[in-house]
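target-v1.cif follows (mmCIF, N, CA and C atoms):
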```cif
data_final
loop_
_atom_site.label_atom_id
_atom_site.label_comp_id
_atom_site.auth_asym_id
_atom_site.auth_seq_id
_atom_site.Cartn_x
_atom_site.Cartn_y
_atom_site.Cartn_z
N MET A 43 -17.58 14.21 5.01
CA MET A 43 -16.22 13.88 4.64
C MET A 43 -16.17 13.69 3.13
N LYS A 44 -15.31 14.45 2.47
CA LYS A 44 -15.19 14.37 1.01
C LYS A 44 -14.25 13.23 0.63
N ASP A 45 -14.69 12.39 -0.32
CA ASP A 45 -13.87 11.28 -0.79
C ASP A 45 -12.85 11.75 -1.81
N PHE A 46 -11.77 11.01 -1.91
CA PHE A 46 -10.77 11.28 -2.94
C PHE A 46 -10.98 10.30 -4.08
N LYS A 47 -10.39 10.61 -5.24
CA LYS A 47 -10.58 9.82 -6.44
C LYS A 47 -9.24 9.28 -6.94
N ILE A 48 -9.23 8.00 -7.30
CA ILE A 48 -8.06 7.37 -7.91
C ILE A 48 -8.11 7.66 -9.40
N ASP A 49 -6.97 8.06 -10.00
CA ASP A 49 -6.92 8.30 -11.44
C ASP A 49 -6.58 7.05 -12.23
N PHE A 50 -5.54 6.31 -11.80
CA PHE A 50 -5.17 5.08 -12.51
C PHE A 50 -4.16 4.30 -11.67
N LEU A 51 -3.97 3.01 -12.04
CA LEU A 51 -2.92 2.21 -11.41
C LEU A 51 -1.60 2.75 -11.93
N ASP A 52 -0.77 3.27 -11.06
CA ASP A 52 0.47 3.93 -11.44
C ASP A 52 1.58 2.91 -11.71
N HIS A 53 1.84 2.06 -10.75
CA HIS A 53 2.89 1.05 -10.94
C HIS A 53 2.73 -0.10 -9.96
N ILE A 54 3.40 -1.18 -10.30
CA ILE A 54 3.55 -2.33 -9.41
C ILE A 54 5.05 -2.47 -9.18
N ALA A 55 5.46 -2.60 -7.94
CA ALA A 55 6.87 -2.77 -7.61
C ALA A 55 7.13 -4.25 -7.33
N ILE A 56 8.12 -4.79 -8.03
CA ILE A 56 8.44 -6.20 -7.83
C ILE A 56 9.92 -6.36 -7.49
N ARG A 57 10.19 -7.35 -6.68
CA ARG A 57 11.57 -7.69 -6.31
C ARG A 57 12.01 -8.84 -7.21
N VAL A 58 13.18 -8.66 -7.82
CA VAL A 58 13.66 -9.62 -8.82
C VAL A 58 15.09 -10.05 -8.50
N LYS A 59 15.48 -11.23 -9.03
CA LYS A 59 16.83 -11.75 -8.81
C LYS A 59 17.88 -10.94 -9.56
N ASP A 60 17.57 -10.52 -10.80
CA ASP A 60 18.55 -9.85 -11.65
C ASP A 60 17.88 -8.65 -12.31
N LEU A 61 18.23 -7.45 -11.85
CA LEU A 61 17.60 -6.22 -12.35
C LEU A 61 17.73 -6.09 -13.87
N ASP A 62 18.93 -6.28 -14.40
CA ASP A 62 19.14 -6.10 -15.83
C ASP A 62 18.40 -7.14 -16.67
N ALA A 63 18.42 -8.39 -16.22
CA ALA A 63 17.72 -9.45 -16.96
C ALA A 63 16.22 -9.19 -16.97
N SER A 64 15.67 -8.76 -15.84
CA SER A 64 14.23 -8.48 -15.77
C SER A 64 13.87 -7.28 -16.62
N ALA A 65 14.71 -6.23 -16.56
CA ALA A 65 14.45 -5.04 -17.38
C ALA A 65 14.47 -5.41 -18.86
N ALA A 66 15.44 -6.19 -19.27
CA ALA A 66 15.53 -6.61 -20.67
C ALA A 66 14.32 -7.43 -21.08
N TRP A 67 13.84 -8.29 -20.20
CA TRP A 67 12.68 -9.14 -20.50
C TRP A 67 11.42 -8.28 -20.70
N TYR A 68 11.15 -7.34 -19.79
CA TYR A 68 9.97 -6.48 -19.91
C TYR A 68 10.06 -5.59 -21.15
N GLU A 69 11.26 -5.19 -21.50
CA GLU A 69 11.45 -4.38 -22.70
C GLU A 69 11.18 -5.23 -23.95
N LYS A 70 11.75 -6.42 -24.00
CA LYS A 70 11.62 -7.30 -25.16
C LYS A 70 10.19 -7.82 -25.33
N VAL A 71 9.59 -8.29 -24.25
CA VAL A 71 8.28 -8.93 -24.33
C VAL A 71 7.14 -7.94 -24.49
N PHE A 72 7.17 -6.84 -23.75
CA PHE A 72 6.05 -5.91 -23.73
C PHE A 72 6.34 -4.55 -24.35
N GLY A 73 7.59 -4.28 -24.69
CA GLY A 73 7.93 -2.99 -25.28
C GLY A 73 8.03 -1.86 -24.28
N PHE A 74 8.15 -2.18 -22.99
CA PHE A 74 8.33 -1.14 -21.98
C PHE A 74 9.66 -0.41 -22.23
N THR A 75 9.71 0.87 -21.89
CA THR A 75 10.98 1.60 -21.98
C THR A 75 11.63 1.62 -20.61
N ARG A 76 12.94 1.48 -20.62
CA ARG A 76 13.72 1.44 -19.38
C ARG A 76 14.07 2.86 -18.96
N ASN A 77 13.81 3.17 -17.68
CA ASN A 77 14.12 4.48 -17.13
C ASN A 77 14.82 4.31 -15.80
N GLN A 78 15.95 5.00 -15.65
CA GLN A 78 16.62 5.09 -14.36
C GLN A 78 16.86 6.56 -14.10
N PHE A 79 16.69 6.95 -12.87
CA PHE A 79 16.76 8.35 -12.50
C PHE A 79 17.88 8.58 -11.50
N ASP A 80 18.76 9.53 -11.80
CA ASP A 80 19.90 9.81 -10.94
C ASP A 80 19.49 10.02 -9.49
N GLU A 81 18.36 10.68 -9.29
CA GLU A 81 17.90 10.99 -7.93
C GLU A 81 17.57 9.73 -7.13
N TRP A 82 17.30 8.60 -7.83
CA TRP A 82 16.93 7.36 -7.15
C TRP A 82 18.08 6.36 -7.09
N GLY A 83 19.15 6.60 -7.83
CA GLY A 83 20.29 5.69 -7.81
C GLY A 83 20.10 4.49 -8.73
N GLU A 84 20.74 3.39 -8.38
CA GLU A 84 20.75 2.18 -9.21
C GLU A 84 19.36 1.57 -9.40
N TYR A 85 18.55 1.70 -8.40
CA TYR A 85 17.18 1.18 -8.48
C TYR A 85 16.25 2.08 -7.69
N PRO A 86 14.97 2.03 -8.01
CA PRO A 86 14.34 1.09 -8.93
C PRO A 86 14.62 1.43 -10.39
N ILE A 87 14.57 0.40 -11.23
CA ILE A 87 14.52 0.60 -12.67
C ILE A 87 13.04 0.68 -13.00
N PHE A 88 12.62 1.79 -13.60
CA PHE A 88 11.22 1.99 -13.93
C PHE A 88 11.00 1.60 -15.38
N MET A 89 10.25 0.55 -15.61
CA MET A 89 9.88 0.10 -16.94
C MET A 89 8.52 0.72 -17.24
N MET A 90 8.45 1.59 -18.27
CA MET A 90 7.25 2.38 -18.50
C MET A 90 6.59 2.10 -19.84
N ALA A 91 5.27 2.13 -19.81
CA ALA A 91 4.43 2.13 -21.00
C ALA A 91 3.45 3.28 -20.77
N GLY A 92 3.75 4.44 -21.34
CA GLY A 92 2.93 5.62 -21.05
C GLY A 92 3.08 5.99 -19.59
N LYS A 93 1.97 6.04 -18.86
CA LYS A 93 1.99 6.39 -17.44
C LYS A 93 1.90 5.15 -16.54
N THR A 94 1.95 3.96 -17.13
CA THR A 94 1.90 2.73 -16.35
C THR A 94 3.30 2.16 -16.24
N GLY A 95 3.66 1.71 -15.05
CA GLY A 95 5.01 1.23 -14.87
C GLY A 95 5.15 0.01 -14.00
N ILE A 96 6.31 -0.59 -14.14
CA ILE A 96 6.76 -1.66 -13.25
C ILE A 96 8.07 -1.16 -12.66
N ALA A 97 8.14 -1.09 -11.35
CA ALA A 97 9.34 -0.66 -10.65
C ALA A 97 10.10 -1.91 -10.22
N LEU A 98 11.31 -2.09 -10.76
CA LEU A 98 12.11 -3.27 -10.44
C LEU A 98 13.08 -2.96 -9.32
N PHE A 99 13.01 -3.76 -8.26
CA PHE A 99 13.90 -3.65 -7.11
C PHE A 99 14.64 -4.97 -6.93
N PRO A 100 15.86 -4.95 -6.39
CA PRO A 100 16.56 -6.22 -6.17
C PRO A 100 15.93 -7.00 -5.02
N ALA A 101 15.84 -8.31 -5.20
CA ALA A 101 15.39 -9.18 -4.11
C ALA A 101 16.54 -9.35 -3.13
N ASN A 102 16.22 -9.64 -1.90
CA ASN A 102 17.22 -9.90 -0.88
C ASN A 102 17.67 -11.35 -1.02
N MET A 103 18.68 -11.57 -1.84
CA MET A 103 19.14 -12.93 -2.12
C MET A 103 20.02 -13.49 -1.01
N ASP A 104 20.40 -12.66 -0.03
CA ASP A 104 21.26 -13.11 1.07
C ASP A 104 20.48 -13.60 2.28
N ASP A 105 19.17 -13.51 2.23
CA ASP A 105 18.34 -13.96 3.34
C ASP A 105 18.54 -15.47 3.53
N PRO A 106 18.95 -15.90 4.74
CA PRO A 106 19.20 -17.34 4.95
C PRO A 106 17.94 -18.19 4.77
N GLU A 107 16.77 -17.59 4.86
CA GLU A 107 15.54 -18.35 4.68
C GLU A 107 14.93 -18.14 3.30
N LEU A 108 15.77 -17.66 2.36
CA LEU A 108 15.28 -17.40 1.01
C LEU A 108 14.77 -18.66 0.35
N ASN A 109 13.58 -18.55 -0.17
CA ASN A 109 12.99 -19.61 -0.99
C ASN A 109 12.77 -18.99 -2.35
N PRO A 110 13.61 -19.34 -3.35
CA PRO A 110 13.51 -18.67 -4.66
C PRO A 110 12.12 -18.76 -5.29
N ALA A 111 11.30 -19.71 -4.88
CA ALA A 111 9.96 -19.85 -5.44
C ALA A 111 8.97 -18.86 -4.82
N SER A 112 9.35 -18.20 -3.71
CA SER A 112 8.41 -17.27 -3.10
C SER A 112 9.13 -16.18 -2.34
N LYS A 113 9.02 -16.17 -1.04
CA LYS A 113 9.56 -15.20 -0.08
C LYS A 113 9.98 -13.86 -0.64
N ASN A 114 11.27 -13.68 -0.97
CA ASN A 114 11.78 -12.37 -1.30
C ASN A 114 11.67 -11.99 -2.77
N ILE A 115 11.37 -12.95 -3.63
CA ILE A 115 11.11 -12.64 -5.03
C ILE A 115 9.60 -12.52 -5.10
N LYS A 116 9.11 -11.29 -5.11
CA LYS A 116 7.68 -11.08 -4.88
C LYS A 116 7.25 -9.71 -5.38
N ILE A 117 5.94 -9.50 -5.35
CA ILE A 117 5.42 -8.15 -5.54
C ILE A 117 5.63 -7.42 -4.22
N ASP A 118 6.26 -6.25 -4.30
CA ASP A 118 6.59 -5.48 -3.12
C ASP A 118 5.43 -4.59 -2.69
N HIS A 119 4.84 -3.86 -3.64
CA HIS A 119 3.68 -3.00 -3.36
C HIS A 119 3.03 -2.62 -4.68
N PHE A 120 1.84 -2.03 -4.61
CA PHE A 120 1.20 -1.47 -5.79
C PHE A 120 0.76 -0.06 -5.48
N ALA A 121 0.71 0.77 -6.53
CA ALA A 121 0.47 2.20 -6.32
C ALA A 121 -0.64 2.72 -7.21
N PHE A 122 -1.49 3.53 -6.63
CA PHE A 122 -2.54 4.24 -7.37
C PHE A 122 -2.13 5.69 -7.51
N ASN A 123 -2.35 6.24 -8.69
CA ASN A 123 -2.03 7.64 -8.94
C ASN A 123 -3.23 8.51 -8.60
N VAL A 124 -2.96 9.63 -7.94
CA VAL A 124 -4.00 10.61 -7.60
C VAL A 124 -3.48 12.00 -7.94
N THR A 125 -4.38 12.94 -8.11
CA THR A 125 -3.99 14.33 -8.31
C THR A 125 -3.48 14.87 -6.97
N ARG A 126 -2.84 16.05 -7.00
CA ARG A 126 -2.39 16.67 -5.75
C ARG A 126 -3.57 16.98 -4.84
N GLU A 127 -4.66 17.46 -5.45
CA GLU A 127 -5.86 17.75 -4.65
C GLU A 127 -6.37 16.48 -3.98
N ASN A 128 -6.41 15.38 -4.73
CA ASN A 128 -6.89 14.12 -4.15
C ASN A 128 -5.91 13.54 -3.14
N MET A 129 -4.63 13.87 -3.26
CA MET A 129 -3.66 13.44 -2.25
C MET A 129 -4.00 14.09 -0.91
N GLU A 130 -4.32 15.38 -0.94
CA GLU A 130 -4.69 16.08 0.29
C GLU A 130 -5.98 15.50 0.89
N LEU A 131 -6.94 15.21 0.02
CA LEU A 131 -8.19 14.60 0.50
C LEU A 131 -7.93 13.21 1.07
N ALA A 132 -7.02 12.47 0.46
CA ALA A 132 -6.69 11.13 0.95
C ALA A 132 -6.07 11.21 2.34
N LYS A 133 -5.17 12.17 2.57
CA LYS A 133 -4.56 12.35 3.88
C LYS A 133 -5.63 12.60 4.94
N GLN A 134 -6.58 13.49 4.60
CA GLN A 134 -7.66 13.80 5.53
C GLN A 134 -8.51 12.56 5.82
N ARG A 135 -8.86 11.84 4.76
CA ARG A 135 -9.71 10.66 4.90
C ARG A 135 -9.02 9.59 5.73
N LEU A 136 -7.76 9.31 5.44
CA LEU A 136 -7.03 8.28 6.19
C LEU A 136 -6.90 8.68 7.66
N THR A 137 -6.67 9.96 7.92
CA THR A 137 -6.58 10.45 9.30
C THR A 137 -7.91 10.27 10.02
N GLN A 138 -9.01 10.63 9.34
CA GLN A 138 -10.34 10.48 9.94
C GLN A 138 -10.67 9.02 10.22
N LEU A 139 -10.17 8.12 9.39
CA LEU A 139 -10.44 6.69 9.55
C LEU A 139 -9.43 6.01 10.48
N ASN A 140 -8.51 6.80 11.05
CA ASN A 140 -7.46 6.28 11.93
C ASN A 140 -6.61 5.20 11.26
N ILE A 141 -6.34 5.37 9.98
CA ILE A 141 -5.48 4.46 9.25
C ILE A 141 -4.07 5.02 9.28
N LYS A 142 -3.14 4.23 9.80
CA LYS A 142 -1.75 4.68 9.88
C LYS A 142 -1.16 4.72 8.48
N PHE A 143 -0.41 5.80 8.20
CA PHE A 143 0.26 5.90 6.91
C PHE A 143 1.57 6.65 7.08
N VAL A 144 2.44 6.47 6.09
CA VAL A 144 3.75 7.12 6.07
C VAL A 144 3.86 7.91 4.78
N MET A 145 4.36 9.14 4.89
CA MET A 145 4.59 9.99 3.72
C MET A 145 6.05 9.89 3.32
N LYS A 146 6.29 9.84 1.99
CA LYS A 146 7.66 9.85 1.47
C LYS A 146 7.73 10.75 0.25
N ASN A 147 8.83 11.49 0.15
CA ASN A 147 9.09 12.30 -1.03
C ASN A 147 10.11 11.56 -1.88
N HIS A 148 9.75 11.29 -3.15
CA HIS A 148 10.61 10.55 -4.08
C HIS A 148 11.10 11.47 -5.20
N HIS A 149 11.32 12.71 -4.91
CA HIS A 149 11.80 13.73 -5.84
C HIS A 149 10.77 14.04 -6.93
N TYR A 150 10.40 13.05 -7.73
CA TYR A 150 9.42 13.24 -8.80
C TYR A 150 7.99 13.09 -8.28
N PHE A 151 7.83 12.34 -7.20
CA PHE A 151 6.51 12.02 -6.66
C PHE A 151 6.50 12.18 -5.15
N GLU A 152 5.32 12.45 -4.61
CA GLU A 152 5.08 12.36 -3.18
C GLU A 152 4.15 11.17 -3.00
N SER A 153 4.41 10.37 -1.97
CA SER A 153 3.63 9.15 -1.79
C SER A 153 3.19 8.96 -0.36
N ILE A 154 2.05 8.30 -0.24
CA ILE A 154 1.52 7.81 1.04
C ILE A 154 1.61 6.29 0.97
N TYR A 155 2.12 5.68 2.03
CA TYR A 155 2.16 4.22 2.12
C TYR A 155 1.34 3.78 3.32
N MET A 156 0.57 2.70 3.11
CA MET A 156 -0.23 2.12 4.18
C MET A 156 -0.34 0.63 3.92
N ASP A 157 -0.76 -0.11 4.93
CA ASP A 157 -1.01 -1.55 4.76
C ASP A 157 -2.50 -1.81 4.73
N ASP A 158 -2.91 -2.74 3.86
CA ASP A 158 -4.31 -3.16 3.86
C ASP A 158 -4.50 -4.17 4.99
N PRO A 159 -5.72 -4.65 5.22
CA PRO A 159 -5.96 -5.56 6.36
C PRO A 159 -5.12 -6.84 6.32
N ASP A 160 -4.65 -7.26 5.13
CA ASP A 160 -3.84 -8.47 5.03
C ASP A 160 -2.34 -8.17 5.01
N GLY A 161 -1.97 -6.90 5.21
CA GLY A 161 -0.57 -6.54 5.25
C GLY A 161 0.05 -6.20 3.90
N HIS A 162 -0.75 -6.11 2.83
CA HIS A 162 -0.22 -5.69 1.54
C HIS A 162 0.06 -4.19 1.58
N CYS A 163 1.21 -3.80 1.08
CA CYS A 163 1.58 -2.39 1.06
C CYS A 163 0.89 -1.71 -0.13
N VAL A 164 0.13 -0.66 0.16
CA VAL A 164 -0.60 0.11 -0.86
C VAL A 164 -0.05 1.53 -0.84
N GLU A 165 0.22 2.05 -2.03
CA GLU A 165 0.76 3.39 -2.16
C GLU A 165 -0.22 4.27 -2.93
N LEU A 166 -0.36 5.51 -2.49
CA LEU A 166 -1.01 6.56 -3.26
C LEU A 166 0.11 7.52 -3.65
N THR A 167 0.18 7.90 -4.91
CA THR A 167 1.29 8.72 -5.36
C THR A 167 0.79 9.86 -6.25
N THR A 168 1.45 11.01 -6.14
CA THR A 168 1.10 12.15 -6.97
C THR A 168 2.39 12.78 -7.51
N ILE A 169 2.35 13.19 -8.74
CA ILE A 169 3.54 13.74 -9.39
C ILE A 169 3.80 15.16 -8.88
N LEU A 170 5.08 15.46 -8.67
CA LEU A 170 5.49 16.78 -8.17
C LEU A 170 6.13 17.65 -9.25
N VAL A 171 6.48 17.05 -10.38
CA VAL A 171 7.15 17.76 -11.46
C VAL A 171 6.25 17.77 -12.69
N SER A 172 6.66 18.45 -13.72
CA SER A 172 5.93 18.41 -14.98
C SER A 172 5.88 16.97 -15.49
N GLU A 173 4.73 16.55 -16.01
CA GLU A 173 4.62 15.18 -16.53
C GLU A 173 5.64 14.93 -17.62
N LYS A 174 5.98 15.95 -18.42
CA LYS A 174 6.97 15.79 -19.50
C LYS A 174 8.35 15.46 -18.94
N GLU A 175 8.60 15.87 -17.71
CA GLU A 175 9.89 15.63 -17.07
C GLU A 175 10.05 14.16 -16.66
N PHE A 176 8.92 13.48 -16.42
CA PHE A 176 9.00 12.09 -15.96
C PHE A 176 8.51 11.10 -17.01
N TYR A 177 7.34 11.32 -17.57
CA TYR A 177 6.76 10.38 -18.54
C TYR A 177 7.31 10.68 -19.93
N LYS A 178 7.92 9.67 -20.52
CA LYS A 178 8.46 9.83 -21.86
C LYS A 178 7.63 9.01 -22.83
N PRO A 179 7.46 9.45 -24.06
CA PRO A 179 6.67 8.66 -25.01
C PRO A 179 7.31 7.31 -25.25
N TYR A 180 6.45 6.33 -25.50
CA TYR A 180 6.96 4.97 -25.75
C TYR A 180 6.59 4.52 -27.14
#
```
Turn the structure described in the file into structure tokens.
Amino acid sequence: MKDFKIDFLDHIAIRVKDLDASAAWYEKVFGFTRNQFDEWGEYPIFMMAGKTGIALFPANMDDPELNPASKNIKIDHFAFNVTRENMELAKQRLTQLNIKFVMKNHHYFESIYMDDPDGHCVELTTILVSEKEFYKPY
């Protein structure tokens, strides 16, 4: 069985109370550039530094059991970037290991989602378009 290789940590997705306030904070504090893509709608807002990103999603503030100190304001998932070849190898490996996964097409990326043993959502993602089309200099 051939192993696949991770290239880099692609992004961390976090749920926030205020998308604009969080985007402004990451831009001001770390110099991330704000990116929104028509194909994805209002969110996520992708805050980018080169090929590393933070994907901002709205927290579910209407949940009756919302605890602002935890629950829905949280890290949603983390993603590792792989080449297209390694994406295919990952699919084979996960299938051989009987690990359940879900495939999603995000226009710019194709992704595999799975849960680790503690229920953390882990994503493997590969770019489907030219890197120049998605990654902008910062």
Around (-7.2, 6.9, 6.6), as given in the file, which residues come within 12 Å? Count only C-alpha atoms and list them as a PDB file with N, CA and C atoms, keeping the file's coordinate frame.
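Ended up saving to point08.pdb:
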```
ATOM      1  N   MET A  43     -17.580  14.210   5.010  1.00  0.00           N
ATOM      2  CA  MET A  43     -16.220  13.880   4.640  1.00  0.00           C
ATOM      3  C   MET A  43     -16.170  13.690   3.130  1.00  0.00           C
ATOM      4  N   ASP A  45     -14.690  12.390  -0.320  1.00  0.00           N
ATOM      5  CA  ASP A  45     -13.870  11.280  -0.790  1.00  0.00           C
ATOM      6  C   ASP A  45     -12.850  11.750  -1.810  1.00  0.00           C
ATOM      7  N   PHE A  46     -11.770  11.010  -1.910  1.00  0.00           N
ATOM      8  CA  PHE A  46     -10.770  11.280  -2.940  1.00  0.00           C
ATOM      9  C   PHE A  46     -10.980  10.300  -4.080  1.00  0.00           C
ATOM     10  N   MET A 129      -4.630  13.870  -3.260  1.00  0.00           N
ATOM     11  CA  MET A 129      -3.660  13.440  -2.250  1.00  0.00           C
ATOM     12  C   MET A 129      -4.000  14.090  -0.910  1.00  0.00           C
ATOM     13  N   GLU A 130      -4.320  15.380  -0.940  1.00  0.00           N
ATOM     14  CA  GLU A 130      -4.690  16.080   0.290  1.00  0.00           C
ATOM     15  C   GLU A 130      -5.980  15.500   0.890  1.00  0.00           C
ATOM     16  N   LEU A 131      -6.940  15.210   0.020  1.00  0.00           N
ATOM     17  CA  LEU A 131      -8.190  14.600   0.500  1.00  0.00           C
ATOM     18  C   LEU A 131      -7.930  13.210   1.070  1.00  0.00           C
ATOM     19  N   ALA A 132      -7.020  12.470   0.460  1.00  0.00           N
ATOM     20  CA  ALA A 132      -6.690  11.130   0.950  1.00  0.00           C
ATOM     21  C   ALA A 132      -6.070  11.210   2.340  1.00  0.00           C
ATOM     22  N   LYS A 133      -5.170  12.170   2.570  1.00  0.00           N
ATOM     23  CA  LYS A 133      -4.560  12.350   3.880  1.00  0.00           C
ATOM     24  C   LYS A 133      -5.630  12.600   4.940  1.00  0.00           C
ATOM     25  N   GLN A 134      -6.580  13.490   4.600  1.00  0.00           N
ATOM     26  CA  GLN A 134      -7.660  13.800   5.530  1.00  0.00           C
ATOM     27  C   GLN A 134      -8.510  12.560   5.820  1.00  0.00           C
ATOM     28  N   ARG A 135      -8.860  11.840   4.760  1.00  0.00           N
ATOM     29  CA  ARG A 135      -9.710  10.660   4.900  1.00  0.00           C
ATOM     30  C   ARG A 135      -9.020   9.590   5.730  1.00  0.00           C
ATOM     31  N   LEU A 136      -7.760   9.310   5.440  1.00  0.00           N
ATOM     32  CA  LEU A 136      -7.030   8.280   6.190  1.00  0.00           C
ATOM     33  C   LEU A 136      -6.900   8.680   7.660  1.00  0.00           C
ATOM     34  N   THR A 137      -6.670   9.960   7.920  1.00  0.00           N
ATOM     35  CA  THR A 137      -6.580  10.450   9.300  1.00  0.00           C
ATOM     36  C   THR A 137      -7.910  10.270  10.020  1.00  0.00           C
ATOM     37  N   GLN A 138      -9.010  10.630   9.340  1.00  0.00           N
ATOM     38  CA  GLN A 138     -10.340  10.480   9.940  1.00  0.00           C
ATOM     39  C   GLN A 138     -10.670   9.020  10.220  1.00  0.00           C
ATOM     40  N   LEU A 139     -10.170   8.120   9.390  1.00  0.00           N
ATOM     41  CA  LEU A 139     -10.440   6.690   9.550  1.00  0.00           C
ATOM     42  C   LEU A 139      -9.430   6.010  10.480  1.00  0.00           C
ATOM     43  N   ASN A 140      -8.510   6.800  11.050  1.00  0.00           N
ATOM     44  CA  ASN A 140      -7.460   6.280  11.930  1.00  0.00           C
ATOM     45  C   ASN A 140      -6.610   5.200  11.260  1.00  0.00           C
ATOM     46  N   ILE A 141      -6.340   5.370   9.980  1.00  0.00           N
ATOM     47  CA  ILE A 141      -5.480   4.460   9.250  1.00  0.00           C
ATOM     48  C   ILE A 141      -4.070   5.020   9.280  1.00  0.00           C
ATOM     49  N   LYS A 142      -3.140   4.230   9.800  1.00  0.00           N
ATOM     50  CA  LYS A 142      -1.750   4.680   9.880  1.00  0.00           C
ATOM     51  C   LYS A 142      -1.160   4.720   8.480  1.00  0.00           C
ATOM     52  N   PHE A 143      -0.410   5.800   8.200  1.00  0.00           N
ATOM     53  CA  PHE A 143       0.260   5.900   6.910  1.00  0.00           C
ATOM     54  C   PHE A 143       1.570   6.650   7.080  1.00  0.00           C
ATOM     55  N   VAL A 144       2.440   6.470   6.090  1.00  0.00           N
ATOM     56  CA  VAL A 144       3.750   7.120   6.070  1.00  0.00           C
ATOM     57  C   VAL A 144       3.860   7.910   4.780  1.00  0.00           C
ATOM     58  N   ILE A 154       2.050   8.300  -0.240  1.00  0.00           N
ATOM     59  CA  ILE A 154       1.520   7.810   1.040  1.00  0.00           C
ATOM     60  C   ILE A 154       1.610   6.290   0.970  1.00  0.00           C
ATOM     61  N   TYR A 155       2.120   5.680   2.030  1.00  0.00           N
ATOM     62  CA  TYR A 155       2.160   4.220   2.120  1.00  0.00           C
ATOM     63  C   TYR A 155       1.340   3.780   3.320  1.00  0.00           C
ATOM     64  N   MET A 156       0.570   2.700   3.110  1.00  0.00           N
ATOM     65  CA  MET A 156      -0.230   2.120   4.180  1.00  0.00           C
ATOM     66  C   MET A 156      -0.340   0.630   3.920  1.00  0.00           C
ATOM     67  N   ASP A 157      -0.760  -0.110   4.930  1.00  0.00           N
ATOM     68  CA  ASP A 157      -1.010  -1.550   4.760  1.00  0.00           C
ATOM     69  C   ASP A 157      -2.500  -1.810   4.730  1.00  0.00           C
ATOM     70  N   ASP A 158      -2.910  -2.740   3.860  1.00  0.00           N
ATOM     71  CA  ASP A 158      -4.310  -3.160   3.860  1.00  0.00           C
ATOM     72  C   ASP A 158      -4.500  -4.170   4.990  1.00  0.00           C
ATOM     73  N   LEU A 166      -0.360   5.510  -2.490  1.00  0.00           N
ATOM     74  CA  LEU A 166      -1.010   6.560  -3.260  1.00  0.00           C
ATOM     75  C   LEU A 166       0.110   7.520  -3.650  1.00  0.00           C
TER      76      LEU A 166
END
```
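Each of A:Met90, A:Ile54, A:Ile48, A:Ala63 was checked against A:Asp118 using only N, CA and C atoms; the smallest atom-to-atom distance is that of A:Ile54.
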Practice task
Please report, as a PyMOL selection string, each residue of stretch 52-137 of chain A to which DSSP assigns strand (DSSP E or B) when run on this structure's backbone.
Solution key: chain A and resi 52-58+75-77+87-91+94-100+117-123
Practice task
Run DSSP on the backbone and grab whatever in stretch 52-173 of chain A lands in alpha helix (DSSP H); send it over as a PyMOL selection string.
Solution key: chain A and resi 61-72+126-138+173
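Relative to atom CA of A:Ile87, atom CA of A:Arg57 is found at 10.9 Å.
Between atom N of A:Asp52 and atom N of A:Met89 the interatomic distance comes to 12.2 Å.
Closest approach to A:His148 from the set A:Phe50, A:Trp82, A:Phe120, A:Phe88 is made by A:Trp82, with distances taken over all atoms listed in the file.
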Handout entry: Best match for closeness to A:Phe99 among A:Gln78, A:Asn123, A:Ser172, A:Ser153, counting only C-alpha atoms
Key = A:Gln78
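Atom N of A:Asp60 sits 17.2 Å away from atom C of A:Phe74.
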Practice task
May I ask which of the residues A:Glu84, A:Lys59, A:Asn77, A:Arg126 is the closest one to A:Ala101, counting all atoms listed in the file?
Solution key: A:Lys59
Problem - Among the residues A:Ala66, A:Pro86, A:Thr125, A:Glu81, the one that comes closest to A:Tyr150 [using all atoms listed in the file] - result: A:Glu81
Problem - Residue among A:His162, A:His119, A:Lys174, A:Lys146 lying closest to A:Ala55, counting all atoms listed in the file - result: A:His119
